[in-house]
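Q: structure.csv (CSV, C-alpha atoms and all ligand atoms) pasted underneath:
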```csv
chain,number,residue,atom,x,y,z
M,11,MET,CA,68.9,-9.4,31.5
M,12,ASN,CA,69.5,-7.5,28.3
M,13,LEU,CA,66.5,-6.2,26.3
M,14,LYS,CA,68.8,-5.5,23.4
M,15,ASN,CA,69.2,-9.3,22.9
M,16,ILE,CA,65.5,-9.6,22.1
M,17,ARG,CA,64.8,-9.8,18.4
M,18,ILE,CA,61.3,-9.0,17.1
M,19,VAL,CA,60.6,-11.1,14.0
M,20,LEU,CA,57.7,-10.3,11.7
M,21,VAL,CA,56.8,-13.0,9.2
M,22,ASN,CA,55.4,-11.7,5.9
M,23,PRO,CA,53.9,-8.4,7.3
M,24,LEU,CA,51.2,-7.0,5.0
M,25,TYR,CA,50.9,-3.3,6.2
M,26,ALA,CA,53.6,-0.7,6.3
M,27,SER,CA,51.6,1.1,9.1
M,28,ASN,CA,51.9,-2.0,11.3
M,29,VAL,CA,55.7,-2.3,10.7
M,30,GLY,CA,56.1,1.4,11.5
M,31,SER,CA,54.0,1.0,14.7
M,32,VAL,CA,56.1,-2.0,15.7
M,33,CYS,CA,59.3,0.1,15.5
M,34,ARG,CA,57.7,2.7,17.8
M,35,VAL,CA,56.6,0.0,20.2
M,36,MET,CA,60.1,-1.5,20.3
M,37,LYS,CA,61.7,1.8,21.0
M,38,ASN,CA,59.1,2.6,23.7
M,39,MET,CA,60.0,-0.7,25.4
M,40,GLY,CA,63.7,-0.6,25.0
M,41,LEU,CA,64.2,-3.0,22.1
M,42,ASN,CA,66.0,-2.3,18.8
M,43,ASP,CA,66.5,-5.5,16.9
M,44,LEU,CA,63.9,-5.9,14.2
M,45,ALA,CA,63.9,-8.7,11.6
M,46,LEU,CA,61.4,-8.9,8.7
M,47,VAL,CA,60.8,-12.1,6.8
M,48,ASN,CA,59.6,-11.5,3.3
M,49,PRO,CA,57.6,-8.3,3.9
M,50,ARG,CA,54.8,-7.8,1.5
M,51,CYS,CA,54.7,-4.0,2.0
M,52,ASP,CA,57.1,-1.3,1.2
M,53,VAL,CA,58.7,-0.2,4.5
M,54,THR,CA,60.6,2.6,2.9
M,55,THR,CA,57.4,4.7,2.4
M,56,HIS,CA,56.5,7.9,4.2
M,57,GLU,CA,53.5,6.0,5.8
M,58,CYS,CA,55.8,3.5,7.5
M,59,LYS,CA,58.1,6.3,8.8
M,60,GLN,CA,55.1,8.3,9.9
M,61,TRP,CA,53.9,5.4,12.1
M,62,ALA,CA,57.4,4.8,13.4
M,63,CYS,CA,57.4,8.4,14.5
M,64,HIS,CA,60.6,8.9,16.6
M,65,ALA,CA,61.7,5.3,16.1
M,66,ASN,CA,63.0,5.7,12.6
M,67,ASN,CA,66.4,4.4,13.8
M,68,VAL,CA,64.8,1.1,14.6
M,69,LEU,CA,63.2,1.0,11.1
M,70,LYS,CA,66.6,1.9,9.5
M,71,ARG,CA,68.6,-0.8,11.3
M,72,ARG,CA,66.0,-3.6,10.5
M,73,ARG,CA,67.2,-6.6,8.6
M,74,GLU,CA,65.3,-8.6,6.0
M,75,PHE,CA,65.5,-12.3,5.5
M,76,LYS,CA,64.2,-14.8,2.9
M,77,ALA,CA,63.2,-17.4,5.5
M,78,LEU,CA,62.3,-17.6,9.2
M,79,THR,CA,65.0,-20.2,9.7
M,80,ALA,CA,67.6,-17.6,8.7
M,81,ALA,CA,66.0,-14.8,10.8
M,82,VAL,CA,66.3,-16.9,14.0
M,83,ALA,CA,69.4,-18.9,13.2
M,84,ASP,CA,71.5,-17.3,15.9
M,85,CYS,CA,68.7,-17.2,18.6
M,86,GLY,CA,68.6,-19.6,21.5
M,87,LEU,CA,65.0,-19.4,22.6
M,88,VAL,CA,62.5,-18.8,19.8
M,89,ALA,CA,59.0,-17.8,21.1
M,90,GLY,CA,56.2,-18.0,18.6
M,91,THR,CA,53.1,-15.9,19.3
M,92,THR,CA,49.7,-17.1,18.1
M,93,ALA,CA,46.1,-16.7,18.9
M,94,ARG,CA,45.3,-20.0,17.3
M,95,ILE,CA,47.4,-22.7,18.9
M,96,GLY,CA,45.6,-25.8,17.9
M,97,LEU,CA,48.1,-28.7,18.0
M,98,TYR,CA,50.4,-26.9,20.4
M,99,ARG,CA,47.7,-25.6,22.8
M,100,GLU,CA,49.0,-27.5,25.8
M,101,HIS,CA,52.4,-25.9,25.6
M,102,ALA,CA,51.2,-22.3,25.3
M,103,ARG,CA,51.6,-19.9,28.1
M,104,THR,CA,50.9,-16.3,28.5
M,105,ILE,CA,53.6,-13.8,27.8
M,106,ARG,CA,53.5,-12.8,31.5
M,107,ASP,CA,54.3,-16.4,32.4
M,108,TRP,CA,57.0,-16.7,29.9
M,109,ALA,CA,58.7,-13.3,30.5
M,110,PRO,CA,61.0,-14.4,33.3
M,111,ARG,CA,62.3,-17.4,31.3
M,112,LEU,CA,62.8,-15.3,28.1
M,113,LEU,CA,64.5,-12.5,30.1
M,114,ALA,CA,66.8,-14.8,31.9
M,115,ALA,CA,67.9,-16.2,28.5
M,116,THR,CA,68.8,-12.7,27.2
M,117,SER,CA,71.8,-12.6,29.7
M,118,THR,CA,73.7,-15.2,27.7
M,119,GLY,CA,72.2,-15.1,24.2
M,120,ARG,CA,69.7,-13.9,21.7
M,121,VAL,CA,66.0,-14.5,22.0
M,122,ALA,CA,63.5,-14.2,19.2
M,123,LEU,CA,59.8,-13.3,19.5
M,124,VAL,CA,58.1,-14.3,16.3
M,125,PHE,CA,54.8,-12.8,15.0
M,126,GLY,CA,52.7,-13.9,12.1
M,127,SER,CA,51.1,-11.8,9.4
M,128,GLU,CA,47.9,-9.9,9.7
M,129,ASP,CA,46.0,-12.2,7.3
M,130,ASN,CA,47.5,-15.6,7.9
M,131,GLY,CA,49.3,-15.7,11.3
M,132,LEU,CA,52.1,-18.2,11.8
M,133,SER,CA,52.1,-21.5,9.8
M,134,VAL,CA,52.7,-24.9,11.3
M,135,ASP,CA,56.2,-24.9,9.8
M,136,ASP,CA,56.9,-21.5,11.4
M,137,LEU,CA,55.7,-22.8,14.8
M,138,ALA,CA,57.8,-25.9,14.4
M,139,LEU,CA,60.9,-23.7,14.7
M,140,CYS,CA,59.6,-22.3,18.0
M,141,THR,CA,60.8,-23.4,21.5
M,142,GLN,CA,58.0,-21.6,23.3
M,143,PHE,CA,54.4,-20.8,22.4
M,144,VAL,CA,53.0,-17.5,23.6
M,145,ARG,CA,49.3,-16.7,23.9
M,146,ILE,CA,48.0,-13.2,24.8
M,147,PRO,CA,44.8,-13.6,26.9
M,148,SER,CA,41.9,-12.2,24.9
M,149,SER,CA,38.2,-12.7,24.3
M,150,ALA,CA,37.1,-16.0,22.8
M,151,ARG,CA,34.7,-14.0,20.6
M,152,TYR,CA,37.6,-12.2,18.8
M,153,SER,CA,40.9,-13.5,20.0
M,154,SER,CA,43.3,-12.1,17.4
M,155,LEU,CA,44.9,-8.7,18.2
M,156,ASN,CA,46.2,-6.2,15.7
M,157,LEU,CA,49.8,-7.2,14.9
M,158,ALA,CA,51.4,-4.0,16.4
M,159,GLN,CA,49.2,-4.2,19.4
M,160,ALA,CA,50.2,-7.9,20.0
M,161,VAL,CA,53.9,-6.8,19.8
M,162,MET,CA,53.2,-4.1,22.3
M,163,VAL,CA,51.6,-6.4,24.9
M,164,CYS,CA,54.6,-8.8,24.6
M,165,CYS,CA,57.2,-6.0,24.7
M,166,TYR,CA,55.5,-4.3,27.6
M,167,GLU,CA,55.5,-7.5,29.7
M,168,LEU,CA,59.2,-8.0,28.9
M,169,PHE,CA,60.1,-4.4,29.8
M,170,SER,CA,58.0,-4.6,33.0
M,171,GLY,CA,59.6,-7.9,33.8
M,172,THR,CA,63.1,-6.3,34.0
M,173,LYS,CA,61.7,-4.2,37.0
M,174,ARG,CA,64.1,-1.5,36.0
M,175,PHE,CA,61.4,1.2,35.7
M,176,LYS,CA,60.4,3.0,38.8
M,177,ILE,CA,57.4,5.4,38.9
M,178,PRO,CA,58.8,8.6,40.5
M,179,THR,CA,57.5,8.8,44.0
M,180,GLU,CA,57.1,11.7,46.6
M,181,ARG,CA,60.6,13.0,47.4
M,182,THR,CA,59.9,14.8,50.6
M,183,PRO,CA,60.3,12.5,53.6
M,184,GLU,CA,57.5,11.6,56.1
M,185,ALA,CA,56.9,14.6,58.4
M,186,PRO,CA,58.6,14.2,61.8
M,187,SER,CA,56.5,13.7,64.8
M,188,GLY,CA,57.4,17.1,66.3
M,189,MET,CA,56.0,18.8,63.2
M,190,ARG,CA,52.9,16.7,63.2
M,191,GLU,CA,52.2,17.5,66.8
M,192,GLN,CA,52.5,21.2,66.1
M,193,MET,CA,50.0,20.8,63.3
M,194,PHE,CA,47.5,19.0,65.6
M,195,LYS,CA,47.9,21.6,68.2
M,196,MET,CA,47.2,24.4,65.8
M,197,TRP,CA,44.2,22.6,64.3
M,198,ARG,CA,42.8,22.0,67.7
M,199,GLN,CA,42.9,25.7,68.5
M,200,SER,CA,41.5,26.6,65.0
M,201,LEU,CA,38.6,24.2,65.4
M,202,LEU,CA,37.8,25.7,68.8
M,203,ASP,CA,38.1,29.2,67.4
M,204,ILE,CA,35.6,28.7,64.7
M,205,GLY,CA,33.2,26.8,67.0
M,206,PHE,CA,33.5,23.5,65.3
M,207,MET,CA,33.9,21.8,68.7
M,208,GLN,CA,33.9,22.7,72.3
M,209,GLU,CA,36.7,22.2,74.8
M,210,GLN,CA,35.1,19.1,76.4
M,211,LYS,CA,34.8,17.3,73.1
M,212,ALA,CA,38.1,18.5,71.6
M,213,ASP,CA,40.3,15.6,72.6
M,214,HIS,CA,37.9,13.0,71.2
M,215,MET,CA,37.6,14.9,68.0
M,216,MET,CA,41.4,15.3,67.7
M,217,LEU,CA,41.7,11.5,68.0
M,218,GLY,CA,39.5,11.2,64.9
M,219,LEU,CA,41.6,13.7,63.0
M,220,ARG,CA,44.8,11.8,63.9
M,221,ARG,CA,43.2,8.6,62.6
M,222,ILE,CA,42.3,10.4,59.3
M,223,PHE,CA,45.8,11.8,58.9
M,224,SER,CA,47.6,8.5,59.7
M,225,ARG,CA,45.9,6.7,56.8
M,226,GLY,CA,48.1,8.1,54.0
M,227,GLN,CA,51.5,9.6,53.7
M,228,LEU,CA,52.0,13.0,55.4
M,229,SER,CA,55.1,14.8,54.1
M,230,GLU,CA,56.7,17.9,55.5
M,231,ASN,CA,55.1,19.9,52.6
M,232,ASP,CA,51.7,18.5,53.5
M,233,VAL,CA,52.1,19.5,57.1
M,234,ARG,CA,53.2,23.0,56.0
M,235,ILE,CA,50.0,23.4,54.0
M,236,MET,CA,47.9,22.2,56.9
M,237,LEU,CA,49.7,24.6,59.3
M,238,GLY,CA,49.0,27.4,56.9
M,239,ILE,CA,45.3,26.6,56.8
M,240,ALA,CA,45.1,26.5,60.6
M,241,ARG,CA,47.0,29.8,60.9
M,242,GLN,CA,44.7,31.5,58.4
M,243,THR,CA,41.6,30.1,60.1
M,244,GLN,CA,42.7,31.5,63.5
M,245,TRP,CA,43.3,34.8,61.9
M,246,CYS,CA,39.8,34.9,60.4
M,247,ALA,CA,38.2,33.9,63.6
M,248,ARG,CA,40.1,36.7,65.4
M,249,GLU,CA,39.1,39.3,62.8
M,250,MET,CA,35.4,38.2,62.9
M,251,ARG,CA,35.4,38.8,66.7
M,252,ARG,CA,37.3,42.1,66.4
M,253,LEU,CA,34.7,43.3,63.8
M,254,GLY,CA,31.9,42.1,66.1
M,255,GLY,CA,30.7,39.5,63.5
M,256,ALA,CA,28.8,36.5,64.6
M,257,LEU,CA,30.4,33.1,64.4
M,258,PRO,CA,28.1,30.1,64.0
M,259,PRO,CA,27.1,28.6,67.4
M,260,PRO,CA,29.6,26.1,68.8
M,261,LYS,CA,28.8,22.5,67.9
M,262,ASN,CA,28.4,20.2,70.9
M,301,LIG,N1,44.5,-13.7,11.2
M,301,LIG,C1,45.6,-14.3,11.9
M,301,LIG,C2,46.0,-13.5,13.1
M,301,LIG,C3,46.8,-12.4,12.7
M,301,LIG,S1,47.2,-11.3,14.0
M,301,LIG,C4,45.2,-15.6,12.5
M,301,LIG,O1,44.1,-15.9,12.5
M,301,LIG,O2,46.1,-16.3,12.9
M,301,LIG,C5,48.8,-11.1,13.7
M,301,LIG,C6,49.8,-11.7,14.7
M,301,LIG,O3,49.7,-11.1,16.0
M,301,LIG,C7,49.6,-13.2,15.0
M,301,LIG,O4,50.1,-14.0,14.0
M,301,LIG,C8,50.3,-13.3,16.3
M,301,LIG,O5,51.7,-13.4,16.1
M,301,LIG,C9,49.9,-12.0,17.0
M,301,LIG,N2,48.7,-12.2,17.8
M,301,LIG,C10,47.5,-11.6,17.6
M,301,LIG,N3,46.7,-12.0,18.6
M,301,LIG,C11,47.4,-12.8,19.4
M,301,LIG,C12,47.0,-13.5,20.6
M,301,LIG,N4,45.8,-13.4,21.2
M,301,LIG,N5,48.0,-14.2,21.2
M,301,LIG,C13,49.2,-14.3,20.7
M,301,LIG,N6,49.6,-13.7,19.6
M,301,LIG,C14,48.7,-12.9,18.9
```
Could you rewrite the structure in this file as structure tokens?
Ligand code: SAH

A:
Amino acid sequence: MNLKNIRIVLVNPLYASNVGSVCRVMKNMGLNDLALVNPRCDVTTHECKQWACHANNVLKRRREFKALTAAVADCGLVAGTTARIGLYREHARTIRDWAPRLLAATSTGRVALVFGSEDNGLSVDDLALCTQFVRIPSSARYSSLNLAQAVMVCCYELFSGTKRFKIPTERTPEAPSGMREQMFKMWRQSLLDIGFMQEQKADHMMLGLRRIFSRGQLSENDVRIMLGIARQTQWCAREMRRLGGALPPPKN
């Protein structure tokens, strides 16, 4: 899989803001090959750069073509995106469904993802060049997405499909049993000290606590916090007694 082998092709884009946004989307999602077919806007304007934000390099390395045929000439798969499929409806699949096929093809060659213009979409001739038809699921009451947002949904699915991104997870390991038992022992004593439970009910109550704690992950740091709370609770209970203060009556 090689995301750098995916070319985003915009046919006759109308707004520089959309072209800029597309550059940003591409960089966010690890792509950098942008092709414009007869753009109707000036992509050298400040507005376009502003929308591209930190993806000016994608904008700079764009290439412009006179015809879609030329823009995709060196691409194996050519996926056309359209909200209005008409004639080709039966062959359309969602981008999520197509992603594995498109990604697999990037290992050996270039893949084009083609988008129509804001006002006209892709023509029948444009779609004739496509080997795949992509539909982004959307409401029947207003099915056509903003151009840059349509590009985002597609690029996001492709990027996610590589499974290369991992959400950083908790780094401390699961607390070892010995530490956990020390925690339960201290909590048992603390809950007795503050009169939350009486000795004869304590074992039963502790089973309940064990059940609660075993539902999620319990790291060494978590156990350290719980030990600290128990220690402080015991100290408070001792101080209260020493100062002759009244603790609430024990629960039974
Ligand atoms: N007015 C045009 C739509 C333009 S939206 C029309 O009626 O066809 C601009 C481009 O975004 C479309 O050409 C297509 O490439 C893409 N797009 C928007 N919504 C989409 C959807 N639901 N599924 C697939 N592509 C979509």

Q: Using all atoms listed in the file, find the one residue out of M:Gln210, M:Thr92, M:Gln142, M:Gln227 that sits nearest to Arg111 in chain M.

A: M:Gln142

Q: So which one's closest to Lys59 in chain M, M:Asn42, M:Cys33, M:Leu157, M:Leu78? Using all atoms listed in the file, please.

A: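 Going through M:Asn42, M:Cys33, M:Leu157, M:Leu78 one by one, the smallest distance to Lys59 in chain M is for M:Cys33.
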
Q: Could you list, as a PyMOL selection string, all protein and nucleic acid residues with an atom at most 8 Å from ligand LIG 301 (chain M), counting all atoms listed in the file?

A: chain M and resi 90-94+124-132+144-148+153-161

Q: Would you save the residues from that selection as a CSV table (one decimal), in the frame of the given file, using C-alpha atoms?

A:
```csv
chain,number,residue,atom,x,y,z
M,90,GLY,CA,56.2,-18.0,18.6
M,91,THR,CA,53.1,-15.9,19.3
M,92,THR,CA,49.7,-17.1,18.1
M,93,ALA,CA,46.1,-16.7,18.9
M,94,ARG,CA,45.3,-20.0,17.3
M,124,VAL,CA,58.1,-14.3,16.3
M,125,PHE,CA,54.8,-12.8,15.0
M,126,GLY,CA,52.7,-13.9,12.1
M,127,SER,CA,51.1,-11.8,9.4
M,128,GLU,CA,47.9,-9.9,9.7
M,129,ASP,CA,46.0,-12.2,7.3
M,130,ASN,CA,47.5,-15.6,7.9
M,131,GLY,CA,49.3,-15.7,11.3
M,132,LEU,CA,52.1,-18.2,11.8
M,144,VAL,CA,53.0,-17.5,23.6
M,145,ARG,CA,49.3,-16.7,23.9
M,146,ILE,CA,48.0,-13.2,24.8
M,147,PRO,CA,44.8,-13.6,26.9
M,148,SER,CA,41.9,-12.2,24.9
M,153,SER,CA,40.9,-13.5,20.0
M,154,SER,CA,43.3,-12.1,17.4
M,155,LEU,CA,44.9,-8.7,18.2
M,156,ASN,CA,46.2,-6.2,15.7
M,157,LEU,CA,49.8,-7.2,14.9
M,158,ALA,CA,51.4,-4.0,16.4
M,159,GLN,CA,49.2,-4.2,19.4
M,160,ALA,CA,50.2,-7.9,20.0
M,161,VAL,CA,53.9,-6.8,19.8
```

Q: So the first atom is CA of Leu41 in chain M and the second is CA of Asn12 in chain M; what is the distance between them in Å, to one decimal place?

A: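 Separation of CA of Leu41 in chain M and CA of Asn12 in chain M: 9.3 Å.
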
Q: Report, in Å to a single decimal, how far apart CA of Ile177 in chain M and CA of Arg17 in chain M are.

A: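 Separation of CA of Arg17 in chain M and CA of Ile177 in chain M: 26.6 Å.
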
Q: For Met215 in chain M, list every protein, DNA or RNA residue within 12 Å, evaluated using only C-alpha atoms, and leave out those in the same chain fewer than 2 positions away; present the list as a ChimeraX atom specification.

A: /M:194,197-198,201-202,206-213,217-222,261-262

Q: In Å, how far is it from CA of Ser187 in chain M to CA of Phe223 in chain M?

A: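 About the pair CA of Ser187 in chain M and CA of Phe223 in chain M: they are 12.4 Å apart.
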
Q: Which of these residues is nearest to Arg248 in chain M, using all atoms listed in the file: M:Gln199, M:Cys140, M:Gln60, M:Ile105?

A: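 Under the stated criterion, the closest residue is M:Gln199.
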
Q: Give the answer as one residue: which of M:Val163, M:Val68, M:Met36, M:Leu24 has the shortest atom-to-atom distance to Cys51 in chain M, using all atoms listed in the file?

A: M:Leu24

Q: Using only C-alpha atoms, which of M:Ala122, M:Leu46, M:Cys58, M:Met39 sits nearest Ala26 in chain M?

A: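 Of M:Ala122, M:Leu46, M:Cys58, M:Met39, the one nearest Ala26 in chain M, counting only C-alpha atoms, is M:Cys58.
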
Q: Which neighbours of Asn15 in chain M fall inside 7 Å, counting only C-alpha atoms, when residues of the same chain fewer than 3 positions from it are skipped, and could you give them as a count of residues only?

A: 5

Q: Find the spatial neighbours of Ser200 in chain M, counting only C-alpha atoms, within a cut-off of 9 Å - ignore same-chain residues fewer than 4 positions away - and output them as a CSV table (one decimal) with C-alpha atoms, keeping the file's coordinate frame.

A:
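That gives us selection_32.csv:
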```
chain,number,residue,atom,x,y,z
M,195,LYS,CA,47.9,21.6,68.2
M,196,MET,CA,47.2,24.4,65.8
M,204,ILE,CA,35.6,28.7,64.7
M,205,GLY,CA,33.2,26.8,67.0
M,206,PHE,CA,33.5,23.5,65.3
M,240,ALA,CA,45.1,26.5,60.6
M,241,ARG,CA,47.0,29.8,60.9
M,242,GLN,CA,44.7,31.5,58.4
M,243,THR,CA,41.6,30.1,60.1
M,244,GLN,CA,42.7,31.5,63.5
M,245,TRP,CA,43.3,34.8,61.9
M,247,ALA,CA,38.2,33.9,63.6
```

Q: Would you mind telling me which residue in M:Met193, M:Asp107, M:Asp232, M:Leu123 lies nearest to Gly86 in chain M when using all atoms listed in the file?

A: M:Leu123

Q: Residues at most 12 Å from Ala62 in chain M, counting only C-alpha atoms, excluding those fewer than 2 positions away in the same chain, as a CSV table (one decimal) with C-alpha atoms, in the frame of the given file?

A:
```csv
chain,number,residue,atom,x,y,z
M,26,ALA,CA,53.6,-0.7,6.3
M,27,SER,CA,51.6,1.1,9.1
M,28,ASN,CA,51.9,-2.0,11.3
M,29,VAL,CA,55.7,-2.3,10.7
M,30,GLY,CA,56.1,1.4,11.5
M,31,SER,CA,54.0,1.0,14.7
M,32,VAL,CA,56.1,-2.0,15.7
M,33,CYS,CA,59.3,0.1,15.5
M,34,ARG,CA,57.7,2.7,17.8
M,35,VAL,CA,56.6,0.0,20.2
M,36,MET,CA,60.1,-1.5,20.3
M,37,LYS,CA,61.7,1.8,21.0
M,38,ASN,CA,59.1,2.6,23.7
M,53,VAL,CA,58.7,-0.2,4.5
M,54,THR,CA,60.6,2.6,2.9
M,55,THR,CA,57.4,4.7,2.4
M,56,HIS,CA,56.5,7.9,4.2
M,57,GLU,CA,53.5,6.0,5.8
M,58,CYS,CA,55.8,3.5,7.5
M,59,LYS,CA,58.1,6.3,8.8
M,60,GLN,CA,55.1,8.3,9.9
M,64,HIS,CA,60.6,8.9,16.6
M,65,ALA,CA,61.7,5.3,16.1
M,66,ASN,CA,63.0,5.7,12.6
M,67,ASN,CA,66.4,4.4,13.8
M,68,VAL,CA,64.8,1.1,14.6
M,69,LEU,CA,63.2,1.0,11.1
M,70,LYS,CA,66.6,1.9,9.5
M,158,ALA,CA,51.4,-4.0,16.4
```

Q: Any idea what's packed within 10 Å of Pro186 in chain M, counting only C-alpha atoms, ignoring anything in its chain fewer than 2 positions away? Could you give it as number ranges by chain?

A: M: 183-184, 188-191, 228-230, 233

Q: Reconstruct range 18-40 of chain M at the level of N, CA and C atoms, and format the result as a short mmCIF file (atom, residue, chain, number, x, y, z; two decimals), keeping the file's coordinate frame.

A:
```cif
data_model
loop_
_atom_site.label_atom_id
_atom_site.label_comp_id
_atom_site.auth_asym_id
_atom_site.auth_seq_id
_atom_site.Cartn_x
_atom_site.Cartn_y
_atom_site.Cartn_z
N ILE M 18 62.67 -8.92 17.55
CA ILE M 18 61.30 -9.00 17.10
C ILE M 18 61.28 -9.44 15.66
N VAL M 19 60.63 -10.56 15.36
CA VAL M 19 60.60 -11.10 14.00
C VAL M 19 59.18 -11.01 13.46
N LEU M 20 58.99 -10.31 12.35
CA LEU M 20 57.70 -10.30 11.70
C LEU M 20 57.70 -11.08 10.45
N VAL M 21 56.84 -12.09 10.38
CA VAL M 21 56.80 -13.00 9.20
C VAL M 21 55.78 -12.47 8.21
N ASN M 22 56.23 -12.17 7.01
CA ASN M 22 55.40 -11.70 5.90
C ASN M 22 54.40 -10.55 6.25
N PRO M 23 54.86 -9.51 6.95
CA PRO M 23 53.90 -8.40 7.30
C PRO M 23 53.29 -7.82 6.05
N LEU M 24 52.01 -7.43 6.19
CA LEU M 24 51.20 -7.00 5.00
C LEU M 24 51.14 -5.45 4.98
N TYR M 25 51.07 -4.80 6.14
CA TYR M 25 50.90 -3.30 6.20
C TYR M 25 52.06 -2.59 6.70
N ALA M 26 52.48 -1.58 5.91
CA ALA M 26 53.60 -0.70 6.30
C ALA M 26 53.29 0.00 7.63
N SER M 27 52.00 0.35 7.82
CA SER M 27 51.60 1.10 9.10
C SER M 27 51.91 0.20 10.28
N ASN M 28 51.66 -1.10 10.16
CA ASN M 28 51.90 -2.00 11.30
C ASN M 28 53.44 -2.11 11.55
N VAL M 29 54.22 -2.20 10.48
CA VAL M 29 55.70 -2.30 10.70
C VAL M 29 56.19 -1.04 11.34
N GLY M 30 55.70 0.12 10.90
CA GLY M 30 56.10 1.40 11.50
C GLY M 30 55.71 1.42 12.99
N SER M 31 54.47 1.01 13.28
CA SER M 31 54.00 1.00 14.70
C SER M 31 54.86 0.06 15.53
N VAL M 32 55.26 -1.07 14.95
CA VAL M 32 56.10 -2.00 15.70
C VAL M 32 57.42 -1.37 16.06
N CYS M 33 57.99 -0.57 15.14
CA CYS M 33 59.30 0.10 15.50
C CYS M 33 59.06 1.03 16.66
N ARG M 34 57.96 1.75 16.67
CA ARG M 34 57.70 2.70 17.80
C ARG M 34 57.55 1.91 19.09
N VAL M 35 56.75 0.83 19.05
CA VAL M 35 56.60 0.00 20.20
C VAL M 35 57.92 -0.49 20.76
N MET M 36 58.77 -0.93 19.83
CA MET M 36 60.10 -1.50 20.30
C MET M 36 60.89 -0.42 20.96
N LYS M 37 60.92 0.79 20.39
CA LYS M 37 61.70 1.80 21.00
C LYS M 37 61.13 2.24 22.37
N ASN M 38 59.80 2.32 22.43
CA ASN M 38 59.10 2.60 23.70
C ASN M 38 59.54 1.63 24.79
N MET M 39 59.70 0.37 24.38
CA MET M 39 60.00 -0.70 25.40
C MET M 39 61.42 -1.12 25.41
N GLY M 40 62.30 -0.31 24.87
CA GLY M 40 63.70 -0.60 25.00
C GLY M 40 64.35 -1.61 24.13
#
```
